[in-house]
Number of protein chains: 2
Amino acid sequence: MRLSELSRTSGVPAPTIKFYLREGLLSPGVRTNTNQARYGPGHLHRLRLIRALLDIGGLSLAEIGDVLAASAGSDTGLGHLPRAARQPALGTTRRDTEPRDTEDAHATDEVLALVQRQGWLVSPGDPAVEAAAEALAALLQLGRHDFAERLDTYAAAADTVAASDVGGLDRRTDPARATETLIVGNVLGERLLAALRRLALTHHLRGPVPLVGDTTPA
Amino acid sequence: MRLSELSRTSGVPAPTIKFYLREGLLSPGVRTNTNQARYGPGHLHRLRLIRALLDIGGLSLAEIGDVLAASAGSDTGLGHLPRAARQPALGTTRRDTEPRDTEDAHATDEVLALVQRQGWLVSPGDPAVEAAAEALAALLQLGRHDFAERLDTYAAAADTVAASDVGGLDRRTDPARATETLIVGNVLGERLLAALRRLALTHHLRGPVPLVGDTTPA
């Protein structure tokens, strides 16, 4: 199909598609003459993938580029995923400026102990260890000390979901698509879980004991 | 304390603090003369909150402004939380352009049925219903059909975690802080859960049955 048709079918405006082509997120079509190229179902699929990671996964275009590059290789891509969509915050990062090393180190120890209790075989240098430790350190610093005692509840829930994710993978998948399948499940599954947790929180907050300051109707 | 001391204690550069003051994210200090103001522990706490939501929660400054405004009222603030940090993507949004209405409607039905099976008392118009439906629709469209069959596993994990979150809230908390406490737990707890899920995924992917295309050492 031509670019105009690719745009119509995907719903992505032609200038946006051209931008993705220039940025290398989308591979070039097959040239039919100087001004035209033809695109196939692979382009449509890739466009949908880019839009889902962007709009729903909340990744930046740069992060999507990294993830797609990883998925072209044999890498599982999990290490390339961002902790969160970060803001550069006026040219500074927390790491450079805030004297929270002791608290961060304590939180890292807590997370590593948790990993051991769960029997998870992961590298202590896994970026997700640091991401979990940072979230925990911030929670503790902001007064949510209860999270330290509930780490195992969180880990057990994460383990149930992850085991089910891996069980749901179709092992006959085309190897070229296997990594992409994983990345899609990881990024979008994370958004799904977060949304369901928010629904469950809303439900439990409206339980028999009203929360101080909560005046929303039941 | 003076602005310079607030900067030193919090690790946030003075120009950044001045920017937050101008944007109204931080309330003004008490003026001591034309050029100076004094700041208290409340300012330090608020600065830490802003930085945690920004750096770890991945919220934008505009989103943080909305959340903080909600937390000043009696609102639980959950409805103000973003689905994900979104990119404007060259002036267009998926909703305006992509013809995915049927799939989205189907996913919304699936999520509402799930909510009913879980017995969650939430409004069908809750933004988190839409967020979950969007993530599910994208997963299905990108070939992860297995997620449809595993929705209950996801919901049960979300419910366990949310019930534990609400149980962990200190109900004697200062009402003025209660909403903030909730928001912190929601945004940062989400990042904690996502990081733990990623660790669990890494572990389960290295299980006895190697994944097609996965050549990372066990």
# chains A, B, ... in the order shown; residues from 1 in each chain; ligands from 1

call {"tool": "residues_around", "arguments": {"residues": "B:Asp109", "least_positions_apart": "3", "cutoff": "12 Å", "atoms": "only C-alpha atoms", "output": "PyMOL selection string"}}
result
chain B and resi 102-106+112-116+124+129-130+132-134+136-137+148

call {"tool": "closest_residue", "arguments": {"among": "B:Leu26, B:Leu140, B:Ile183, B:Val161", "to": "chain A", "atoms": "only C-alpha atoms"}}
result
B:Val161

call {"tool": "residues_around", "arguments": {"residues": "A:Ala37", "least_positions_apart": "5", "cutoff": "10 Å", "atoms": "only C-alpha atoms", "output": "list in words"}}
result
Met1, Arg2, Leu3, Pro28, Gly29, Val30, Arg31 and Thr32 of chain A

call {"tool": "residues_around", "arguments": {"residues": "stretch 43-47 of chain A", "least_positions_apart": "4", "cutoff": "9 Å", "atoms": "only C-alpha atoms", "output": "list in words"}}
result
Leu6, Ser7, Thr9, Ser10, Val12, Ile17, Tyr20, Leu25, Leu26, Ser27, Pro28, Gly29, Tyr39, Arg51 and Ala52 of chain A; Leu142 of chain B

call {"tool": "write_last_selection", "arguments": {"atoms": "N, CA and C atoms", "output": "short mmCIF file (atom, residue, chain, number, x, y, z; two decimals), in the first residue's frame"}}
result
data_model
loop_
_atom_site.label_atom_id
_atom_site.label_comp_id
_atom_site.auth_asym_id
_atom_site.auth_seq_id
_atom_site.Cartn_x
_atom_site.Cartn_y
_atom_site.Cartn_z
N LEU A 6 -1.49 3.62 4.14
CA LEU A 6 -0.92 3.21 5.44
C LEU A 6 -1.42 4.18 6.52
N SER A 7 -1.47 5.45 6.19
CA SER A 7 -1.95 6.46 7.12
C SER A 7 -3.43 6.23 7.44
N THR A 9 -5.26 3.44 7.09
CA THR A 9 -5.49 2.17 7.79
C THR A 9 -5.06 2.24 9.25
N SER A 10 -3.92 2.89 9.49
CA SER A 10 -3.39 2.93 10.87
C SER A 10 -3.99 4.07 11.67
N VAL A 12 -2.67 6.92 11.69
CA VAL A 12 -1.55 7.79 12.04
C VAL A 12 -1.34 8.77 10.87
N ILE A 17 4.03 9.58 10.14
CA ILE A 17 4.68 8.39 9.58
C ILE A 17 6.02 8.78 8.95
N TYR A 20 8.56 9.18 11.64
CA TYR A 20 9.05 7.89 12.14
C TYR A 20 10.05 7.27 11.15
N LEU A 25 12.51 4.68 13.14
CA LEU A 25 11.65 3.81 13.95
C LEU A 25 10.88 2.84 13.04
N LEU A 26 10.69 3.27 11.81
CA LEU A 26 9.95 2.48 10.82
C LEU A 26 10.91 2.27 9.65
N SER A 27 10.97 1.02 9.13
CA SER A 27 11.91 0.77 8.03
C SER A 27 11.32 1.32 6.73
N PRO A 28 12.19 1.73 5.79
CA PRO A 28 11.70 2.34 4.54
C PRO A 28 10.84 1.37 3.75
N GLY A 29 9.90 1.89 2.96
CA GLY A 29 9.11 1.06 2.07
C GLY A 29 9.92 0.69 0.84
N TYR A 39 4.28 0.07 1.13
CA TYR A 39 4.41 -0.44 2.48
C TYR A 39 3.56 -1.69 2.66
N ARG A 51 2.73 3.24 18.33
CA ARG A 51 1.68 4.05 18.93
C ARG A 51 1.25 3.53 20.30
N ALA A 52 1.21 2.21 20.45
CA ALA A 52 0.80 1.64 21.73
C ALA A 52 1.85 1.93 22.80
N LEU B 142 -1.92 -6.24 19.41
CA LEU B 142 -0.51 -6.55 19.12
C LEU B 142 -0.20 -8.03 19.33
#

call {"tool": "atom_distance", "arguments": {"atom1": "atom CA of B:Ala155", "atom2": "atom CA of A:Asp159"}}
result
13.6 Å

call {"tool": "select_by_dssp", "arguments": {"residues": "stretch 142-188 of chain A", "states": "alpha helix (DSSP H)", "output": "PyMOL selection string"}}
result
chain A and resi 146-149+151-168+175-188

call {"tool": "write_last_selection", "arguments": {"atoms": "C-alpha atoms", "output": "mmCIF file, in the first residue's frame"}}
result
data_model
loop_
_atom_site.group_PDB
_atom_site.id
_atom_site.type_symbol
_atom_site.label_atom_id
_atom_site.label_comp_id
_atom_site.auth_asym_id
_atom_site.auth_seq_id
_atom_site.Cartn_x
_atom_site.Cartn_y
_atom_site.Cartn_z
ATOM 1 C CA ASP A 146 3.916 0.700 55.988
ATOM 2 C CA PHE A 147 5.311 -0.259 52.562
ATOM 3 C CA ALA A 148 8.424 -1.753 54.169
ATOM 4 C CA GLU A 149 6.263 -4.294 56.019
ATOM 5 C CA LEU A 151 7.009 -5.746 50.495
ATOM 6 C CA ASP A 152 6.321 -9.485 50.484
ATOM 7 C CA THR A 153 2.655 -8.896 49.597
ATOM 8 C CA TYR A 154 3.785 -6.771 46.658
ATOM 9 C CA ALA A 155 6.391 -9.321 45.571
ATOM 10 C CA ALA A 156 3.938 -12.230 45.783
ATOM 11 C CA ALA A 157 1.437 -10.342 43.606
ATOM 12 C CA ALA A 158 4.195 -9.437 41.114
ATOM 13 C CA ASP A 159 5.324 -13.060 41.031
ATOM 14 C CA THR A 160 1.817 -14.423 40.357
ATOM 15 C CA VAL A 161 1.309 -11.999 37.492
ATOM 16 C CA ALA A 162 4.763 -12.565 35.973
ATOM 17 C CA ALA A 163 4.466 -16.359 36.144
ATOM 18 C CA SER A 164 1.130 -16.089 34.376
ATOM 19 C CA ASP A 165 2.665 -13.765 31.740
ATOM 20 C CA VAL A 166 5.437 -16.215 30.957
ATOM 21 C CA GLY A 167 2.964 -19.114 30.911
ATOM 22 C CA GLY A 168 0.848 -17.164 28.429
ATOM 23 C CA PRO A 175 11.764 -15.929 16.944
ATOM 24 C CA ALA A 176 11.940 -12.526 15.240
ATOM 25 C CA ARG A 177 8.700 -11.608 16.995
ATOM 26 C CA ALA A 178 9.405 -13.280 20.338
ATOM 27 C CA THR A 179 11.226 -10.342 21.900
ATOM 28 C CA GLU A 180 8.656 -7.886 20.632
ATOM 29 C CA THR A 181 5.928 -10.063 22.157
ATOM 30 C CA LEU A 182 7.740 -9.907 25.478
ATOM 31 C CA ILE A 183 8.202 -6.144 25.369
ATOM 32 C CA VAL A 184 4.562 -5.562 24.482
ATOM 33 C CA GLY A 185 3.465 -7.768 27.367
ATOM 34 C CA ASN A 186 5.837 -6.079 29.757
ATOM 35 C CA VAL A 187 5.098 -2.435 28.933
ATOM 36 C CA LEU A 188 1.354 -2.731 28.333
#

call {"tool": "atom_distance", "arguments": {"atom1": "atom CA of A:Asp126", "atom2": "atom CA of B:Leu199"}}
result
7.9 Å

call {"tool": "atom_distance", "arguments": {"atom1": "atom CA of A:Glu190", "atom2": "atom CA of B:Ala194"}}
result
6.1 Å

call {"tool": "closest_residue", "arguments": {"among": "B:Gly11, B:Gly143, B:Asn33, B:Leu196", "to": "A:Gln118", "atoms": "only C-alpha atoms"}}
result
B:Leu196
